[in-house]
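Novice: Sharing coords.txt, compact mmCIF, C-alpha atoms:
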```
# COMPACT_ATOMS: atom_id res chain seq x y z
CA MET A 1 0.00 0.00 0.00
CA ARG A 2 1.39 3.39 -1.03
CA LEU A 3 2.13 5.75 1.84
CA LEU A 4 0.32 9.02 1.14
CA CYS A 5 2.47 11.51 3.00
CA GLY A 6 5.64 13.57 2.73
CA GLU A 7 5.22 14.58 -0.90
CA ARG A 8 5.67 18.09 -2.26
CA VAL A 9 3.31 17.91 -5.21
CA LEU A 10 4.01 21.43 -6.49
CA VAL A 11 7.80 21.43 -6.11
CA ASP A 12 9.82 19.27 -8.48
CA MET A 13 13.27 19.77 -6.96
CA ILE A 14 14.70 20.09 -3.49
CA SER A 15 15.20 23.73 -2.53
CA GLY A 16 18.70 25.12 -2.47
CA PRO A 17 20.50 25.91 0.77
CA ARG A 18 19.67 29.12 2.40
CA ILE A 19 13.32 31.93 9.75
CA VAL A 20 16.82 33.55 10.08
CA GLY A 21 19.04 33.26 7.03
CA GLY A 22 16.26 31.74 4.95
CA HIS A 23 14.25 32.89 1.98
CA ASP A 24 10.65 32.94 0.75
CA ALA A 25 9.25 29.48 0.11
CA GLN A 26 7.40 28.77 -3.11
CA LEU A 27 3.62 28.69 -2.93
CA GLY A 28 2.66 25.18 -1.78
CA ALA A 29 6.27 24.15 -1.14
CA TRP A 30 5.60 22.72 2.33
CA PRO A 31 1.98 21.47 2.21
CA TRP A 32 2.02 20.06 5.78
CA GLN A 33 3.05 23.41 7.34
CA VAL A 34 0.24 24.99 9.36
CA SER A 35 -0.18 28.24 11.28
CA LEU A 36 -1.52 27.94 14.82
CA GLN A 37 -3.38 31.13 15.64
CA VAL A 38 -4.71 32.28 18.98
CA TYR A 39 -7.52 34.78 19.51
CA GLN A 40 -6.57 38.11 21.11
CA TYR A 41 -9.23 40.55 22.22
CA GLY A 42 -9.28 43.63 20.04
CA VAL A 43 -6.94 42.02 17.52
CA GLY A 44 -8.58 38.80 16.40
CA PHE A 45 -6.68 35.66 15.48
CA LYS A 46 -2.92 36.09 15.30
CA HIS A 47 -0.17 33.64 14.33
CA LEU A 48 1.65 32.30 17.36
CA CYS A 49 3.29 29.00 16.40
CA GLY A 50 3.81 26.58 13.57
CA GLY A 51 2.67 22.99 13.33
CA SER A 52 2.69 19.95 11.06
CA LEU A 53 -0.33 18.18 9.60
CA ILE A 54 0.10 14.44 10.21
CA ASP A 55 -3.38 13.26 9.20
CA GLU A 56 -6.72 14.78 8.22
CA TYR A 57 -7.62 15.52 11.86
CA SER A 58 -4.28 16.04 13.61
CA VAL A 59 -1.51 18.62 13.91
CA LEU A 60 1.74 18.15 15.86
CA THR A 61 3.32 21.15 17.56
CA ALA A 62 5.35 22.16 20.62
CA ALA A 63 3.84 21.96 24.12
CA HIS A 64 5.22 25.36 25.14
CA CYS A 65 3.05 27.01 22.46
CA VAL A 66 -0.07 26.41 24.57
CA ARG A 67 1.33 27.06 28.03
CA ARG A 68 -0.60 30.34 28.34
CA GLN A 69 -3.79 29.20 26.59
CA MET A 70 -4.97 25.60 26.90
CA ASP A 71 -8.60 26.23 25.89
CA PRO A 72 -9.17 24.96 22.31
CA TYR A 73 -11.94 27.56 21.87
CA TYR A 74 -9.35 30.35 21.50
CA TRP A 75 -7.33 28.56 18.83
CA ARG A 76 -7.65 27.95 15.13
CA VAL A 77 -5.47 26.04 12.67
CA VAL A 78 -4.83 27.55 9.24
CA ILE A 79 -3.72 25.03 6.62
CA GLY A 80 -2.49 25.65 3.08
CA LEU A 81 -1.27 29.12 4.01
CA HIS A 82 1.58 30.97 2.31
CA ASP A 83 1.09 34.64 3.20
CA THR A 84 -0.40 35.29 6.67
CA SER A 85 -1.75 38.64 5.45
CA ARG A 86 -3.52 37.16 2.43
CA PRO A 87 -5.05 33.66 2.53
CA GLU A 88 -5.26 31.83 -0.80
CA ARG A 89 -8.40 30.23 -2.24
CA HIS A 90 -7.15 26.82 -1.15
CA THR A 91 -6.42 27.95 2.45
CA VAL A 92 -8.47 26.12 5.10
CA LYS A 93 -9.26 27.49 8.56
CA SER A 94 -10.27 24.94 11.18
CA SER A 95 -11.47 25.20 14.76
CA VAL A 96 -9.81 23.00 17.38
CA ARG A 97 -11.68 20.25 19.23
CA GLU A 98 -8.96 19.18 21.64
CA ILE A 99 -5.39 19.97 22.67
CA LEU A 100 -3.32 17.11 24.05
CA VAL A 101 -0.08 18.07 25.80
CA HIS A 102 2.60 15.63 26.95
CA SER A 103 1.95 15.07 30.64
CA GLU A 104 5.66 15.31 31.48
CA PHE A 105 6.42 18.53 29.62
CA ARG A 106 8.72 20.76 31.66
CA ILE A 107 9.09 24.41 30.68
CA GLU A 108 12.25 24.70 32.82
CA THR A 109 14.13 22.29 30.54
CA PHE A 110 11.79 22.00 27.52
CA GLU A 111 11.75 18.26 28.10
CA ASN A 112 8.88 16.50 26.23
CA ASP A 113 7.98 19.69 24.34
CA ILE A 114 5.27 18.09 22.22
CA ALA A 115 1.51 18.54 21.82
CA LEU A 116 -1.24 17.38 19.48
CA PHE A 117 -4.11 19.51 18.15
CA LYS A 118 -7.25 17.64 17.10
CA LEU A 119 -9.42 19.42 14.53
CA TYR A 120 -13.21 19.57 14.62
CA LYS A 121 -13.55 18.54 10.97
CA SER A 122 -11.34 16.52 8.69
CA VAL A 123 -9.33 18.47 6.14
CA SER A 124 -9.35 17.43 2.48
CA TYR A 125 -5.99 16.94 0.83
CA ASN A 126 -5.02 18.75 -2.37
CA ASP A 127 -1.82 20.01 -4.01
CA TYR A 128 -1.43 22.63 -1.27
CA ILE A 129 -2.48 20.52 1.73
CA GLN A 130 -0.70 17.22 2.40
CA PRO A 131 0.34 15.33 5.55
CA ILE A 132 3.97 14.82 6.52
CA CYS A 133 5.27 11.30 7.16
CA LEU A 134 6.22 10.35 10.70
CA PRO A 135 9.71 8.83 10.87
CA PHE A 136 9.95 5.07 10.84
CA VAL A 137 12.27 3.17 13.15
CA HIS A 138 15.94 4.23 13.03
CA ILE A 139 15.46 6.85 10.27
CA HIS A 140 17.10 9.49 12.44
CA ARG A 141 20.24 7.36 12.72
CA ASN A 142 20.51 7.22 8.93
CA ILE A 143 20.79 10.98 8.55
CA ASN A 144 24.23 12.02 7.31
CA ASN A 145 25.96 14.97 5.63
CA GLN A 146 24.22 14.17 2.36
CA THR A 147 20.71 14.23 3.86
CA LYS A 148 18.70 17.30 2.88
CA CYS A 149 16.89 18.75 5.91
CA PHE A 150 14.77 21.89 6.07
CA ILE A 151 12.98 24.16 8.51
CA SER A 152 10.07 26.45 7.66
CA GLY A 153 7.90 29.01 9.40
CA TRP A 154 6.57 32.55 9.74
CA GLY A 155 8.78 33.51 12.68
CA SER A 156 11.20 36.40 13.17
CA ILE A 157 13.81 36.78 10.44
CA SER A 158 16.39 38.11 12.93
CA GLU A 159 16.84 37.94 16.69
CA LYS A 160 14.35 40.42 18.22
CA GLY A 161 13.34 41.31 14.66
CA GLU A 162 10.07 41.37 12.74
CA SER A 163 8.32 38.22 11.60
CA SER A 164 7.71 37.46 7.95
CA PRO A 165 4.19 37.30 6.49
CA ILE A 166 5.56 35.03 3.74
CA LEU A 167 6.49 31.47 4.71
CA GLN A 168 10.28 31.19 5.04
CA GLU A 169 12.42 28.11 4.45
CA ALA A 170 16.05 27.23 5.10
CA GLN A 171 18.27 24.19 4.75
CA VAL A 172 19.98 23.10 7.97
CA ASN A 173 22.49 20.49 9.09
CA ILE A 174 21.72 18.02 11.86
CA ILE A 175 24.49 18.57 14.41
CA PRO A 176 25.67 15.53 16.42
CA SER A 177 24.70 15.77 20.08
CA ASP A 178 28.26 15.19 21.32
CA ILE A 179 29.28 18.36 19.48
CA CYS A 180 26.18 20.33 20.49
CA ASN A 181 26.70 19.40 24.13
CA GLY A 182 30.24 20.78 24.09
CA PHE A 183 31.38 23.38 26.63
CA GLU A 184 31.20 26.28 24.15
CA TRP A 185 27.85 25.05 22.84
CA TYR A 186 24.96 23.89 25.06
CA ALA A 187 27.17 22.31 27.73
CA GLY A 188 25.22 19.11 28.30
CA MET A 189 21.66 20.46 27.97
CA ILE A 190 20.76 18.26 24.99
CA ASN A 191 19.37 14.84 25.92
CA ASN A 192 18.27 11.90 23.78
CA ASN A 193 14.81 13.39 23.22
CA MET A 194 16.27 16.48 21.54
CA PHE A 195 18.75 17.35 18.83
CA CYS A 196 20.42 20.45 17.38
CA ALA A 197 20.24 21.71 13.81
CA GLY A 198 21.66 24.71 12.00
CA LEU A 199 25.23 25.71 11.23
CA GLU A 200 28.25 25.87 13.55
CA SER A 201 28.90 29.39 12.25
CA GLY A 202 25.30 30.45 12.90
CA GLY A 203 23.31 32.62 10.50
CA ILE A 204 20.60 30.07 9.72
CA ASP A 205 18.12 29.23 12.46
CA SER A 206 14.54 29.12 13.61
CA CYS A 207 13.39 31.99 15.82
CA GLN A 208 10.37 33.40 17.71
CA GLY A 209 7.15 32.38 15.96
CA ASP A 210 8.67 29.26 14.39
CA SER A 211 7.99 27.16 17.52
CA GLY A 212 6.11 23.94 16.89
CA GLY A 213 6.92 23.98 13.20
CA PRO A 214 8.56 21.18 11.24
CA LEU A 215 12.12 20.14 10.62
CA VAL A 216 11.84 17.66 7.76
CA CYS A 217 14.40 15.51 5.98
CA TYR A 218 14.23 13.97 2.52
CA HIS A 219 14.68 10.20 2.39
CA LEU A 220 16.13 9.05 -0.93
CA ASP A 221 14.96 5.44 -0.64
CA THR A 222 11.29 6.39 -0.36
CA SER A 223 11.43 9.79 -2.15
CA LYS A 224 9.49 11.30 0.75
CA TYR A 225 9.96 13.85 3.50
CA TYR A 226 9.77 12.83 7.16
CA LEU A 227 9.06 14.90 10.26
CA ILE A 228 12.36 14.51 12.11
CA GLY A 229 12.03 17.47 14.49
CA ILE A 230 9.62 19.94 16.10
CA THR A 231 11.01 23.44 16.60
CA SER A 232 11.49 23.92 20.34
CA PHE A 233 13.96 26.55 21.64
CA GLY A 234 17.46 28.01 21.51
CA PHE A 235 19.74 30.69 22.95
CA GLY A 236 19.09 33.66 20.71
CA CYS A 237 18.63 33.14 16.96
CA GLY A 238 21.37 32.34 14.49
CA ARG A 239 24.25 32.63 16.97
CA PRO A 240 27.47 30.67 16.35
CA LYS A 241 27.62 27.35 18.24
CA LEU A 242 24.09 27.92 19.59
CA PRO A 243 21.87 26.30 16.94
CA GLY A 244 18.15 25.67 17.29
CA ILE A 245 17.02 22.74 19.43
CA TYR A 246 14.32 20.40 18.19
CA VAL A 247 12.15 17.64 19.63
CA ARG A 248 13.35 14.26 18.31
CA VAL A 249 10.06 13.01 16.89
CA SER A 250 11.23 9.40 16.58
CA GLN A 251 11.35 9.22 20.40
CA TYR A 252 7.64 10.03 20.62
CA LYS A 253 6.08 7.68 18.07
CA LYS A 254 4.34 5.66 20.81
CA TRP A 255 3.02 8.82 22.45
CA ILE A 256 1.76 10.16 19.12
CA ASN A 257 0.09 6.92 18.09
CA ALA A 258 -1.56 6.53 21.50
CA ARG A 259 -2.95 10.09 21.30
CA LEU A 260 -4.22 9.53 17.79
CA LEU A 261 -6.15 6.50 19.07
CA LEU A 262 -7.27 8.04 22.34
CA ALA A 263 -7.73 11.66 21.29
CA SER A 264 -11.17 11.86 22.86
CA LYS A 265 -9.71 11.68 26.37
CA ALA A 266 -9.73 14.86 28.41
CA THR A 267 -6.73 17.12 27.96
CA ARG A 268 -4.32 17.38 30.83
CA THR A 269 -3.82 20.73 32.47
CA LEU A 270 -0.50 22.40 31.90
CA THR A 271 0.73 25.04 34.31
CA CYS A 272 3.68 27.30 33.87
CA SER A 273 5.12 29.81 36.27
CA ILE A 274 8.70 29.98 35.09
CA GLU A 275 10.24 32.99 33.36
CA CYS A 276 12.63 32.16 30.50
CA TYR A 277 15.36 34.78 30.68
CA VAL A 278 18.01 34.05 28.07
CA ILE A 279 16.21 31.23 26.31
CA VAL A 280 14.48 32.28 23.11
CA ILE A 281 11.38 30.19 22.60
CA HIS A 282 11.38 29.53 18.92
```
Go through the file and emit its structure as structure tokens.

Specialist:
Amino acid sequence: MRLLCGERVLVDMISGPRIVGGHDAQLGAWPWQVSLQVYQYGVGFKHLCGGSLIDEYSVLTAAHCVRRQMDPYYWRVVIGLHDTSRPERHTVKSSVREILVHSEFRIETFENDIALFKLYKSVSYNDYIQPICLPFVHIHRNINNQTKCFISGWGSISEKGESSPILQEAQVNIIPSDICNGFEWYAGMINNNMFCAGLESGGIDSCQGDSGGPLVCYHLDTSKYYLIGITSFGFGCGRPKLPGIYVRVSQYKKWINARLLLASKATRTLTCSIECYVIVIH
């Protein structure tokens, strides 16, 4: 049976290398990318985080995105979006039925920074709206210097800078954890449920507003993209030896599958009272 996921129908070739340090994505380039928008009084719905469509009812994102607003009523998911200021005819806006947050998420360390949004109605797939594949066993271990990996989002294009209304994309390198945990890097902060991606020299990175969005890698054997990471956090944006940190999705396949099966269960309450001083929540 053919796996219907991880295909960029409208883009024939892999994008070139080049969100901080990125460039405008083509229309429909990342059809699983979604905008998670929260309602603000006097403003309306405003983009807060990214997410990834994994099936017709479900979007994966970062747990820290919902730490201040757990009520699904105040959220909407916008799918098939390219320009946040101008939805296309194929753009779909969906209300949220349920938000499921990992019960052991810790804002102090960003451990288990993963959440699942369940939509009220199923979304229909088309050229601009497609699900991303979840990684199969050991796919993360097979990533090497030749693997093409990308981040995308509507976040800030520089540290403390303005966000982009046009979806940005950038190619990144997966950085081995033994390097990323070095003294001049993250000094042991990165555990097996996380990984680093970017460049040692900096300049290309996710930033505020990109949280929850996808880091995907192209798998030559299947000719598909897989959701390898969820944008989580970092020290600043685009700094040398301080790349973005991502949730290692392969470590949460059981959690994801269980929530897809048991999504009707009541959401768990998430409380947060910690202030993040130097950490930039991407």

Novice: Determine, for each residue of range 192-246 of chain A having at least one atom at most 7 Å from an atom of range 164-182 of chain A, the closest pair of atoms and their separation in Å to one decimal, counting all atoms listed in the file; order by chain and ascending number, as a tab-separated table.

Specialist:
```
residue	atom	partner	partner_atom	distance
A:Phe195	CA	A:Ser177	CA	6.3
A:Cys196	CA	A:Ile175	CA	5.4
A:Ala197	CA	A:Ile174	CA	4.4
A:Gly198	CA	A:Val172	CA	4.7
A:Leu199	CA	A:Asn173	CA	6.3
```

Novice: Please, could you write that set of residues out with C-alpha atoms as a PDB file, in the frame of the given file?

Specialist:
```pdb
ATOM      1  CA  PHE A 195      18.750  17.350  18.830  1.00  0.00           C
ATOM      2  CA  CYS A 196      20.420  20.450  17.380  1.00  0.00           C
ATOM      3  CA  ALA A 197      20.240  21.710  13.810  1.00  0.00           C
ATOM      4  CA  GLY A 198      21.660  24.710  12.000  1.00  0.00           C
ATOM      5  CA  LEU A 199      25.230  25.710  11.230  1.00  0.00           C
TER       6      LEU A 199
END
```

Novice: Return the single residue from A:Tyr74, A:Tyr225, A:Tyr57, A:Phe117 that is closest to Val38 in chain A, with distances computed using only C-alpha atoms.

Specialist: A:Tyr74

Novice: For Trp154 in chain A, list every protein, DNA or RNA residue within 12 Å, evaluated using only C-alpha atoms, and leave out those in the same chain fewer than 4 positions away; present the list as a ChimeraX atom specification.

Specialist: /A:19-20,22-25,33-37,46-51,81-85,158,162-170,206-214,282

Novice: What does the distance from CA of Ile132 in chain A to CA of Asn191 in chain A come to in Å, to one decimal?

Specialist: 24.8 Å

Novice: Record the distance separating CA of Tyr128 in chain A and CA of Asp205 in chain A, expressed in Å with one decimal.

Specialist: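 Distance between the two atoms: 24.8 Å.
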
Novice: Using all atoms listed in the file, which protein or nucleic acid residues come within 7 Å of Ser250 in chain A? Drop anything in the same chain fewer than 2 positions from it, and give the result as a PyMOL selection string.

Specialist: chain A and resi 135+228+248+252-253

Novice: Which is closer to Trp32 in chain A than all the others in A:Val96, A:Leu4, A:Leu116, A:Ile129, using only C-alpha atoms?

Specialist: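 Looking only at the distances to Trp32 in chain A, the closest residue turns out to be A:Ile129.
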
Novice: Could you give me, as a count of residues only, the residues within 12 Å of Tyr125 in chain A, counting only C-alpha atoms and dropping anything in the same chain fewer than 5 positions from it?

Specialist: 19

Novice: Here is a test: counting only C-alpha atoms, which residue of A:Asn126, A:Gly44, A:Phe150, A:Ile157 is nearest to Arg89 in chain A?

Specialist: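 With only C-alpha atoms as the atom set, the closest residue is A:Asn126.
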
Novice: Which one of A:Ala187, A:Val11, A:Met194, A:Ile204 sits closest to Thr231 in chain A if you count all atoms listed in the file?

Specialist: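 Smallest separation from Thr231 in chain A among the options: A:Met194.
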
Novice: Quote the spacing between CA of Leu220 in chain A and CA of Cys133 in chain A in Å to one decimal place.

Specialist: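 That distance, rounded to one decimal, is 13.7 Å.
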
Novice: Which one is closest to Asn112 in chain A: A:Ser223, A:Gln26, A:Ser95, A:Thr61? Count only C-alpha atoms.

Specialist: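 Between A:Ser223, A:Gln26, A:Ser95, A:Thr61, the residue approaching Asn112 in chain A most closely is A:Thr61.
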
Novice: Taking all atoms listed in the file into account, which of A:Ile151, A:Cys65, A:Val43, A:Val77 comes nearest Lys121 in chain A?

Specialist: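 Ranking A:Ile151, A:Cys65, A:Val43, A:Val77 by distance to Lys121 in chain A, first place goes to A:Val77.
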
Novice: Mind checking which residues fall within 9 Å of His64 in chain A, counting all atoms listed in the file, ignoring those fewer than 5 positions away in the same chain, and posting them as a list of chain:residue names?

Specialist: A:Phe105, A:Arg106, A:Ile107, A:Phe110, A:Asp113, A:Ile114, A:Ala115, A:Ser211, A:Gly212, A:Ser232, A:Ile281

Novice: Taking all atoms of range 51-70 of chain A that the file lists and extending 3 Å past them on each side, where is the centre of the axis-aligned box and how long are its edges? Answer in Å to one decimal, as lines of an AutoDock Vina configuration file.

Specialist:
```
center_x = -1.1
center_y = 21.8
center_z = 18.3
size_x = 19.0
size_y = 23.1
size_z = 26.1
```
